[in-house]
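K.L.:
Got a file for you: coords.pdb, PDB, C-alpha atoms.
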```pdb
ATOM      1  CA  ASP A  26     -15.429 -12.628   8.835  1.00  0.00           C
ATOM      2  CA  GLY A  27     -15.001 -10.110   6.041  1.00  0.00           C
ATOM      3  CA  GLY A  28     -11.597  -9.729   4.482  1.00  0.00           C
ATOM      4  CA  ILE A  29      -9.193 -10.223   1.621  1.00  0.00           C
ATOM      5  CA  THR A  30      -7.536 -13.551   0.993  1.00  0.00           C
ATOM      6  CA  GLN A  31      -4.545 -14.248  -1.190  1.00  0.00           C
ATOM      7  CA  SER A  32      -3.281 -17.656  -2.099  1.00  0.00           C
ATOM      8  CA  PRO A  33      -0.854 -19.205  -1.960  1.00  0.00           C
ATOM      9  CA  LYS A  34       1.314 -17.546   0.706  1.00  0.00           C
ATOM     10  CA  TYR A  35       4.517 -18.723  -0.993  1.00  0.00           C
ATOM     11  CA  LEU A  36       4.908 -19.616  -4.645  1.00  0.00           C
ATOM     12  CA  PHE A  37       7.867 -20.931  -6.568  1.00  0.00           C
ATOM     13  CA  ARG A  38       8.065 -20.968 -10.306  1.00  0.00           C
ATOM     14  CA  LYS A  39      10.609 -21.898 -12.895  1.00  0.00           C
ATOM     15  CA  GLU A  40      11.850 -19.276 -15.262  1.00  0.00           C
ATOM     16  CA  GLY A  41       9.690 -19.061 -18.391  1.00  0.00           C
ATOM     17  CA  GLN A  42       6.474 -20.228 -16.722  1.00  0.00           C
ATOM     18  CA  ASN A  43       3.329 -18.187 -16.247  1.00  0.00           C
ATOM     19  CA  VAL A  44       1.767 -18.191 -12.791  1.00  0.00           C
ATOM     20  CA  THR A  45      -1.543 -16.858 -11.460  1.00  0.00           C
ATOM     21  CA  LEU A  46      -1.949 -15.303  -8.023  1.00  0.00           C
ATOM     22  CA  SER A  47      -5.370 -15.415  -6.437  1.00  0.00           C
ATOM     23  CA  CYS A  48      -7.123 -12.528  -4.694  1.00  0.00           C
ATOM     24  CA  GLU A  49     -10.620 -12.793  -3.241  1.00  0.00           C
ATOM     25  CA  GLN A  50     -12.582 -10.325  -1.115  1.00  0.00           C
ATOM     26  CA  ASN A  51     -15.956 -10.644   0.606  1.00  0.00           C
ATOM     27  CA  LEU A  52     -16.174  -6.990   1.631  1.00  0.00           C
ATOM     28  CA  ASN A  53     -18.445  -6.093  -1.276  1.00  0.00           C
ATOM     29  CA  HIS A  54     -15.845  -3.592  -2.448  1.00  0.00           C
ATOM     30  CA  ASP A  55     -16.030  -2.244  -5.973  1.00  0.00           C
ATOM     31  CA  ALA A  56     -12.361  -1.381  -6.421  1.00  0.00           C
ATOM     32  CA  MET A  57      -9.452  -3.820  -6.347  1.00  0.00           C
ATOM     33  CA  TYR A  58      -5.709  -3.342  -6.792  1.00  0.00           C
ATOM     34  CA  TRP A  59      -2.464  -5.263  -7.243  1.00  0.00           C
ATOM     35  CA  TYR A  60       0.838  -3.983  -5.882  1.00  0.00           C
ATOM     36  CA  ARG A  61       4.359  -5.284  -5.875  1.00  0.00           C
ATOM     37  CA  GLN A  62       6.892  -4.707  -3.098  1.00  0.00           C
ATOM     38  CA  ASP A  63      10.629  -5.191  -3.512  1.00  0.00           C
ATOM     39  CA  PRO A  64      13.119  -5.157  -0.605  1.00  0.00           C
ATOM     40  CA  GLY A  65      13.670  -1.679   0.820  1.00  0.00           C
ATOM     41  CA  GLN A  66      11.068  -0.131  -1.444  1.00  0.00           C
ATOM     42  CA  GLY A  67       7.526   1.042  -1.233  1.00  0.00           C
ATOM     43  CA  LEU A  68       4.586  -0.586  -2.964  1.00  0.00           C
ATOM     44  CA  ARG A  69       4.176  -0.049  -6.693  1.00  0.00           C
ATOM     45  CA  LEU A  70       0.847  -0.343  -8.495  1.00  0.00           C
ATOM     46  CA  ILE A  71       0.585  -3.032 -11.170  1.00  0.00           C
ATOM     47  CA  TYR A  72      -3.113  -2.995 -12.148  1.00  0.00           C
ATOM     48  CA  TYR A  73      -6.350  -1.736 -10.693  1.00  0.00           C
ATOM     49  CA  SER A  74     -10.035  -2.229 -11.307  1.00  0.00           C
ATOM     50  CA  GLN A  75     -12.784   0.151 -10.267  1.00  0.00           C
ATOM     51  CA  ILE A  76     -15.643  -2.045 -11.420  1.00  0.00           C
ATOM     52  CA  VAL A  77     -16.369  -5.523 -12.751  1.00  0.00           C
ATOM     53  CA  ASN A  78     -15.202  -6.177 -16.315  1.00  0.00           C
ATOM     54  CA  ASP A  79     -12.983  -3.111 -16.308  1.00  0.00           C
ATOM     55  CA  PHE A  80      -9.352  -2.649 -15.292  1.00  0.00           C
ATOM     56  CA  GLN A  81      -6.527  -0.189 -15.867  1.00  0.00           C
ATOM     57  CA  LYS A  82      -2.746  -0.423 -16.024  1.00  0.00           C
ATOM     58  CA  GLY A  83      -0.784   0.910 -13.096  1.00  0.00           C
ATOM     59  CA  ASP A  84       2.796   2.116 -13.082  1.00  0.00           C
ATOM     60  CA  ILE A  85       4.485  -1.250 -13.722  1.00  0.00           C
ATOM     61  CA  ALA A  86       2.000  -3.321 -15.755  1.00  0.00           C
ATOM     62  CA  GLU A  87       4.471  -4.786 -18.259  1.00  0.00           C
ATOM     63  CA  GLY A  88       4.677  -8.570 -17.988  1.00  0.00           C
ATOM     64  CA  TYR A  89       1.444  -8.856 -15.995  1.00  0.00           C
ATOM     65  CA  SER A  90      -2.207  -9.462 -16.859  1.00  0.00           C
ATOM     66  CA  VAL A  91      -5.439  -9.401 -14.858  1.00  0.00           C
ATOM     67  CA  SER A  92      -9.130 -10.153 -15.193  1.00  0.00           C
ATOM     68  CA  ARG A  93     -12.172  -8.952 -13.262  1.00  0.00           C
ATOM     69  CA  GLU A  94     -15.047 -11.228 -14.182  1.00  0.00           C
ATOM     70  CA  LYS A  95     -16.543 -11.198 -10.685  1.00  0.00           C
ATOM     71  CA  LYS A  96     -16.766  -8.424  -8.116  1.00  0.00           C
ATOM     72  CA  GLU A  97     -15.051 -10.486  -5.442  1.00  0.00           C
ATOM     73  CA  SER A  98     -12.144 -11.817  -7.517  1.00  0.00           C
ATOM     74  CA  PHE A  99      -9.160 -10.123  -9.155  1.00  0.00           C
ATOM     75  CA  PRO A 100      -6.498 -12.682 -10.184  1.00  0.00           C
ATOM     76  CA  LEU A 101      -3.070 -11.566 -11.352  1.00  0.00           C
ATOM     77  CA  THR A 102      -1.044 -13.526 -13.899  1.00  0.00           C
ATOM     78  CA  VAL A 103       2.707 -13.057 -13.897  1.00  0.00           C
ATOM     79  CA  THR A 104       3.843 -13.952 -17.386  1.00  0.00           C
ATOM     80  CA  SER A 105       7.228 -15.056 -18.654  1.00  0.00           C
ATOM     81  CA  ALA A 106       7.607 -11.562 -20.118  1.00  0.00           C
ATOM     82  CA  GLN A 107       8.081 -10.091 -16.634  1.00  0.00           C
ATOM     83  CA  LYS A 108      11.859  -9.629 -16.325  1.00  0.00           C
ATOM     84  CA  ASN A 109      12.156  -9.627 -12.530  1.00  0.00           C
ATOM     85  CA  PRO A 110       9.122 -11.428 -11.128  1.00  0.00           C
ATOM     86  CA  THR A 111      10.588 -12.361  -7.732  1.00  0.00           C
ATOM     87  CA  ALA A 112       8.802 -10.069  -5.271  1.00  0.00           C
ATOM     88  CA  PHE A 113       6.095  -9.789  -2.618  1.00  0.00           C
ATOM     89  CA  TYR A 114       2.694  -9.282  -4.249  1.00  0.00           C
ATOM     90  CA  LEU A 115      -0.127  -7.541  -2.428  1.00  0.00           C
ATOM     91  CA  CYS A 116      -3.776  -7.309  -3.349  1.00  0.00           C
ATOM     92  CA  ALA A 117      -6.017  -4.578  -1.958  1.00  0.00           C
ATOM     93  CA  SER A 118      -9.628  -3.466  -2.196  1.00  0.00           C
ATOM     94  CA  SER A 119     -11.629  -0.386  -1.324  1.00  0.00           C
ATOM     95  CA  ILE A 120     -15.314   0.377  -1.224  1.00  0.00           C
ATOM     96  CA  ASP A 121     -14.694   2.933  -3.940  1.00  0.00           C
ATOM     97  CA  PRO A 122     -11.647   4.789  -5.337  1.00  0.00           C
ATOM     98  CA  TYR A 123     -12.149   7.650  -2.861  1.00  0.00           C
ATOM     99  CA  ASN A 124     -11.598   5.621   0.299  1.00  0.00           C
ATOM    100  CA  GLU A 125      -8.811   3.770   2.041  1.00  0.00           C
ATOM    101  CA  GLN A 126      -7.573   0.496   0.642  1.00  0.00           C
ATOM    102  CA  PHE A 127      -7.444  -2.671   2.693  1.00  0.00           C
ATOM    103  CA  PHE A 128      -4.742  -5.199   1.962  1.00  0.00           C
ATOM    104  CA  GLY A 129      -4.535  -8.958   1.871  1.00  0.00           C
ATOM    105  CA  PRO A 130      -1.695 -10.929   3.515  1.00  0.00           C
ATOM    106  CA  GLY A 131       0.398 -11.089   0.340  1.00  0.00           C
ATOM    107  CA  THR A 132       2.015 -13.771  -1.814  1.00  0.00           C
ATOM    108  CA  ARG A 133       5.767 -14.133  -2.026  1.00  0.00           C
ATOM    109  CA  LEU A 134       6.735 -15.279  -5.512  1.00  0.00           C
ATOM    110  CA  THR A 135      10.193 -16.692  -6.118  1.00  0.00           C
ATOM    111  CA  VAL A 136      11.458 -17.530  -9.581  1.00  0.00           C
ATOM    112  CA  LEU A 137      14.043 -20.289  -9.555  1.00  0.00           C
TER
ATOM    113  CA  ASP B   2      10.799  10.239 -10.219  1.00  0.00           C
ATOM    114  CA  GLN B   3       9.881   9.661  -6.582  1.00  0.00           C
ATOM    115  CA  GLN B   4       6.668  11.603  -6.012  1.00  0.00           C
ATOM    116  CA  VAL B   5       6.355  10.525  -2.374  1.00  0.00           C
ATOM    117  CA  LYS B   6       9.477  10.402  -0.231  1.00  0.00           C
ATOM    118  CA  GLN B   7      10.209   9.206   3.261  1.00  0.00           C
ATOM    119  CA  ASN B   8      13.738  10.400   3.798  1.00  0.00           C
ATOM    120  CA  SER B   9      14.341   8.644   7.106  1.00  0.00           C
ATOM    121  CA  PRO B  10      14.783   4.884   6.592  1.00  0.00           C
ATOM    122  CA  SER B  11      14.623   4.251  10.335  1.00  0.00           C
ATOM    123  CA  LEU B  12      13.654   5.821  13.638  1.00  0.00           C
ATOM    124  CA  SER B  13      14.258   4.644  17.188  1.00  0.00           C
ATOM    125  CA  VAL B  14      12.173   5.957  20.078  1.00  0.00           C
ATOM    126  CA  GLN B  15      11.831   5.155  23.770  1.00  0.00           C
ATOM    127  CA  GLU B  16       8.548   3.693  24.958  1.00  0.00           C
ATOM    128  CA  GLY B  17       6.159   6.399  26.166  1.00  0.00           C
ATOM    129  CA  ARG B  18       7.771   9.140  24.069  1.00  0.00           C
ATOM    130  CA  ILE B  19       6.478  10.666  20.849  1.00  0.00           C
ATOM    131  CA  SER B  20       7.290   9.132  17.449  1.00  0.00           C
ATOM    132  CA  ILE B  21       7.252  11.507  14.492  1.00  0.00           C
ATOM    133  CA  LEU B  22       7.386  10.047  11.009  1.00  0.00           C
ATOM    134  CA  ASN B  23       7.764  12.379   8.061  1.00  0.00           C
ATOM    135  CA  CYS B  24       6.760  12.283   4.427  1.00  0.00           C
ATOM    136  CA  ASP B  25       7.285  14.734   1.568  1.00  0.00           C
ATOM    137  CA  TYR B  26       5.567  14.840  -1.795  1.00  0.00           C
ATOM    138  CA  THR B  27       6.112  16.688  -5.036  1.00  0.00           C
ATOM    139  CA  ASN B  28       2.794  16.437  -6.869  1.00  0.00           C
ATOM    140  CA  SER B  29       0.525  19.351  -5.939  1.00  0.00           C
ATOM    141  CA  MET B  30      -2.442  17.441  -7.392  1.00  0.00           C
ATOM    142  CA  PHE B  31      -2.407  14.922  -4.532  1.00  0.00           C
ATOM    143  CA  ASP B  32      -5.545  15.441  -2.465  1.00  0.00           C
ATOM    144  CA  TYR B  33      -5.729  12.388  -0.214  1.00  0.00           C
ATOM    145  CA  PHE B  34      -2.999  11.048   2.046  1.00  0.00           C
ATOM    146  CA  LEU B  35      -2.798   7.859   4.083  1.00  0.00           C
ATOM    147  CA  TRP B  36      -0.506   6.130   6.545  1.00  0.00           C
ATOM    148  CA  TYR B  37      -0.098   2.371   6.686  1.00  0.00           C
ATOM    149  CA  LYS B  38       1.719   0.123   9.137  1.00  0.00           C
ATOM    150  CA  LYS B  39       3.367  -3.048   7.926  1.00  0.00           C
ATOM    151  CA  TYR B  40       4.989  -6.063   9.538  1.00  0.00           C
ATOM    152  CA  PRO B  41       7.379  -8.280   7.530  1.00  0.00           C
ATOM    153  CA  ALA B  42       5.681 -10.765   5.199  1.00  0.00           C
ATOM    154  CA  GLU B  43       2.236  -9.283   5.909  1.00  0.00           C
ATOM    155  CA  GLY B  44      -0.048  -6.866   4.125  1.00  0.00           C
ATOM    156  CA  PRO B  45      -0.099  -3.211   5.243  1.00  0.00           C
ATOM    157  CA  THR B  46      -2.700  -2.162   7.773  1.00  0.00           C
ATOM    158  CA  PHE B  47      -4.487   1.146   7.299  1.00  0.00           C
ATOM    159  CA  LEU B  48      -3.851   3.586  10.174  1.00  0.00           C
ATOM    160  CA  ILE B  49      -5.168   7.025   9.370  1.00  0.00           C
ATOM    161  CA  SER B  50      -5.875   9.324   6.444  1.00  0.00           C
ATOM    162  CA  ILE B  51      -6.305  13.003   5.726  1.00  0.00           C
ATOM    163  CA  SER B  52      -7.939  14.941   2.947  1.00  0.00           C
ATOM    164  CA  SER B  53      -6.239  17.996   1.483  1.00  0.00           C
ATOM    165  CA  ILE B  54      -9.043  20.209   2.814  1.00  0.00           C
ATOM    166  CA  LYS B  55      -7.832  19.514   6.348  1.00  0.00           C
ATOM    167  CA  ASP B  56      -4.536  20.124   8.107  1.00  0.00           C
ATOM    168  CA  LYS B  57      -4.956  17.687  10.976  1.00  0.00           C
ATOM    169  CA  ASN B  58      -6.703  14.414  11.683  1.00  0.00           C
ATOM    170  CA  GLU B  59      -6.608  12.530  14.939  1.00  0.00           C
ATOM    171  CA  ASP B  60      -7.478   8.950  15.884  1.00  0.00           C
ATOM    172  CA  GLY B  61      -6.508   7.838  19.360  1.00  0.00           C
ATOM    173  CA  ARG B  62      -2.737   7.847  19.705  1.00  0.00           C
ATOM    174  CA  PHE B  63      -2.263   8.683  16.010  1.00  0.00           C
ATOM    175  CA  THR B  64      -2.374  12.178  14.540  1.00  0.00           C
ATOM    176  CA  VAL B  65      -1.580  13.139  10.971  1.00  0.00           C
ATOM    177  CA  PHE B  66      -0.599  16.696  10.079  1.00  0.00           C
ATOM    178  CA  LEU B  67      -0.664  18.076   6.555  1.00  0.00           C
ATOM    179  CA  ASN B  68       1.230  21.174   5.436  1.00  0.00           C
ATOM    180  CA  LYS B  69       0.167  21.763   1.852  1.00  0.00           C
ATOM    181  CA  SER B  70       2.413  24.757   1.250  1.00  0.00           C
ATOM    182  CA  ALA B  71       5.450  22.696   2.233  1.00  0.00           C
ATOM    183  CA  LYS B  72       4.080  19.527   0.604  1.00  0.00           C
ATOM    184  CA  HIS B  73       4.783  17.707   3.829  1.00  0.00           C
ATOM    185  CA  LEU B  74       2.859  15.403   6.100  1.00  0.00           C
ATOM    186  CA  SER B  75       3.767  13.781   9.357  1.00  0.00           C
ATOM    187  CA  LEU B  76       2.434  11.044  11.595  1.00  0.00           C
ATOM    188  CA  HIS B  77       2.663  11.502  15.346  1.00  0.00           C
ATOM    189  CA  ILE B  78       2.292   8.542  17.669  1.00  0.00           C
ATOM    190  CA  VAL B  79       1.818   9.444  21.332  1.00  0.00           C
ATOM    191  CA  PRO B  80       2.637   7.630  23.526  1.00  0.00           C
ATOM    192  CA  SER B  81       4.746   5.162  21.564  1.00  0.00           C
ATOM    193  CA  GLN B  82       4.457   1.498  22.497  1.00  0.00           C
ATOM    194  CA  PRO B  83       6.712  -1.476  21.672  1.00  0.00           C
ATOM    195  CA  GLY B  84       3.880  -2.930  19.587  1.00  0.00           C
ATOM    196  CA  ASP B  85       4.169   0.085  17.302  1.00  0.00           C
ATOM    197  CA  SER B  86       7.499  -1.233  16.023  1.00  0.00           C
ATOM    198  CA  ALA B  87       6.954  -1.818  12.302  1.00  0.00           C
ATOM    199  CA  VAL B  88       7.509  -0.235   8.899  1.00  0.00           C
ATOM    200  CA  TYR B  89       5.338   2.803   8.252  1.00  0.00           C
ATOM    201  CA  PHE B  90       4.391   3.871   4.736  1.00  0.00           C
ATOM    202  CA  CYS B  91       2.831   7.105   3.667  1.00  0.00           C
ATOM    203  CA  ALA B  92       0.797   7.132   0.471  1.00  0.00           C
ATOM    204  CA  ALA B  93      -0.918   9.755  -1.663  1.00  0.00           C
ATOM    205  CA  SER B  94      -3.513   9.858  -4.401  1.00  0.00           C
ATOM    206  CA  SER B  95      -5.206  12.401  -6.631  1.00  0.00           C
ATOM    207  CA  GLY B  96      -8.589  12.573  -8.282  1.00  0.00           C
ATOM    208  CA  ASN B  97     -10.884   9.584  -8.305  1.00  0.00           C
ATOM    209  CA  THR B  98      -8.635   6.837  -9.635  1.00  0.00           C
ATOM    210  CA  GLY B  99      -7.726   5.349  -6.274  1.00  0.00           C
ATOM    211  CA  LYS B 100      -4.134   5.004  -7.488  1.00  0.00           C
ATOM    212  CA  LEU B 101      -1.882   5.209  -4.451  1.00  0.00           C
ATOM    213  CA  ILE B 102       1.736   6.333  -4.673  1.00  0.00           C
ATOM    214  CA  PHE B 103       3.739   5.003  -1.754  1.00  0.00           C
ATOM    215  CA  GLY B 104       6.868   6.261  -0.047  1.00  0.00           C
ATOM    216  CA  GLN B 105       9.765   3.907   0.620  1.00  0.00           C
ATOM    217  CA  GLY B 106       8.815   3.365   4.238  1.00  0.00           C
ATOM    218  CA  THR B 107      10.337   4.186   7.635  1.00  0.00           C
ATOM    219  CA  THR B 108      11.178   1.438  10.103  1.00  0.00           C
ATOM    220  CA  LEU B 109      10.128   2.451  13.615  1.00  0.00           C
ATOM    221  CA  GLN B 110      11.627   0.746  16.628  1.00  0.00           C
ATOM    222  CA  VAL B 111      10.113   1.505  20.013  1.00  0.00           C
ATOM    223  CA  LYS B 112      12.397   0.415  22.820  1.00  0.00           C
ATOM    224  CA  PRO B 113      10.938  -0.691  26.171  1.00  0.00           C
TER
END
```
What's the structure tokens form of this structure?
P.N.:
Amino acid sequence: DGGITQSPKYLFRKEGQNVTLSCEQNLNHDAMYWYRQDPGQGLRLIYYSQIVNDFQKGDIAEGYSVSREKKESFPLTVTSAQKNPTAFYLCASSIDPYNEQFFGPGTRLTVL
Amino acid sequence: DQQVKQNSPSLSVQEGRISILNCDYTNSMFDYFLWYKKYPAEGPTFLISISSIKDKNEDGRFTVFLNKSAKHLSLHIVPSQPGDSAVYFCAASSGNTGKLIFGQGTTLQVKP
């Protein structure tokens, strides 16, 4: 089955620690994206990548980092510099930037 | 600066009737619009999209209307079913970046 997987589903971290969220897709999509959702709000773009070994900052990139070493993988690191990291994180991919994005199931990160 | 707005946080409709969800945008450069459906703690599911060269797109029970002069789009669901109860997000993008700007979402409740 083709799709997007995110792991883990729930993640807890202590303040001051970095944590990496996994995102894998087997849809052969070129473009991948990371969004953050906070309660009562829409999704906000953190980073996106249109092709392997290239990525761009989204609207709220501060405190986050990404890599795109493989087409199917786009991990997101939430660093200790992110002031309010507790949120629901969603990864998406699309065949190219001109088409609809398909989302993974999300990871809920809680900072204790 | 909220470029995409869904001014109705919630909507309640009787089963079998029409559901109309609205979305307004401010950026005249947006040329691609999408609607997503989302259940709590899950990733959004793509429903339907429309390009700015069209004013209507239909897919089964779902129809999206675009009024470029008013910078307004709407999603019509006919007939509404209890399984349609979810949060609906509209999103917009411009150019070839694939960057989606999301509205805040509207919670639809379809009553049996």
K.L.:
Pull out every residue that the ChimeraX specification (/A :<6) & /B matches in the shown coordinates and put them as a short mmCIF file (atom, residue, chain, number, x, y, z; two decimals) with C-alpha atoms, in the coordinates of the input.
P.N.:
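The new file expr_6.cif reads:
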```cif
data_model
loop_
_atom_site.label_atom_id
_atom_site.label_comp_id
_atom_site.auth_asym_id
_atom_site.auth_seq_id
_atom_site.Cartn_x
_atom_site.Cartn_y
_atom_site.Cartn_z
CA GLU B 43 2.24 -9.28 5.91
CA GLY B 44 -0.05 -6.87 4.12
CA ASN B 97 -10.88 9.58 -8.30
CA THR B 98 -8.64 6.84 -9.64
CA GLY B 99 -7.73 5.35 -6.27
CA PHE B 103 3.74 5.00 -1.75
CA GLY B 104 6.87 6.26 -0.05
CA GLN B 105 9.76 3.91 0.62
#
```
K.L.:
So which residues get picked by the PyMOL selection byres ((chain B and resi 30-37) around 6) here, written as a ChimeraX atom specification?
P.N.:
/B:28-29,38,45-53,89-95
K.L.:
Using the chain letters and numbers from this file, what does the PyMOL selection byres ((chain A and resi 99) around 9) select? Give the answer as an NGL selection string.
P.N.:
:A and (46-50 or 57-59 or 73-74 or 91-98 or 100-101 or 116)
K.L.:
Dump C-alpha atoms for the selected residues as a compact mmCIF listing (two decimals), in the coordinates of the input?
P.N.:
```
# COMPACT_ATOMS: atom_id res chain seq x y z
CA LEU A 46 -1.95 -15.30 -8.02
CA SER A 47 -5.37 -15.42 -6.44
CA CYS A 48 -7.12 -12.53 -4.69
CA GLU A 49 -10.62 -12.79 -3.24
CA GLN A 50 -12.58 -10.32 -1.12
CA MET A 57 -9.45 -3.82 -6.35
CA TYR A 58 -5.71 -3.34 -6.79
CA TRP A 59 -2.46 -5.26 -7.24
CA TYR A 73 -6.35 -1.74 -10.69
CA SER A 74 -10.04 -2.23 -11.31
CA VAL A 91 -5.44 -9.40 -14.86
CA SER A 92 -9.13 -10.15 -15.19
CA ARG A 93 -12.17 -8.95 -13.26
CA GLU A 94 -15.05 -11.23 -14.18
CA LYS A 95 -16.54 -11.20 -10.68
CA LYS A 96 -16.77 -8.42 -8.12
CA GLU A 97 -15.05 -10.49 -5.44
CA SER A 98 -12.14 -11.82 -7.52
CA PRO A 100 -6.50 -12.68 -10.18
CA LEU A 101 -3.07 -11.57 -11.35
CA CYS A 116 -3.78 -7.31 -3.35
```
K.L.:
Report as a PyMOL selection string all protein, DNA and RNA residues lying within 10 Å of Glu59 of chain B, evaluated on only C-alpha atoms, omitting residues in the same chain fewer than 2 positions from it.
P.N.:
chain B and resi 49-51+57+61-66+76-77
K.L.:
Applying 7 Å and all atoms listed in the file, which residues near Gln42 of chain A remain after dropping the ones on its own chain fewer than 3 positions away? List them as a ChimeraX atom specification.
P.N.:
/A:38-39,104-105
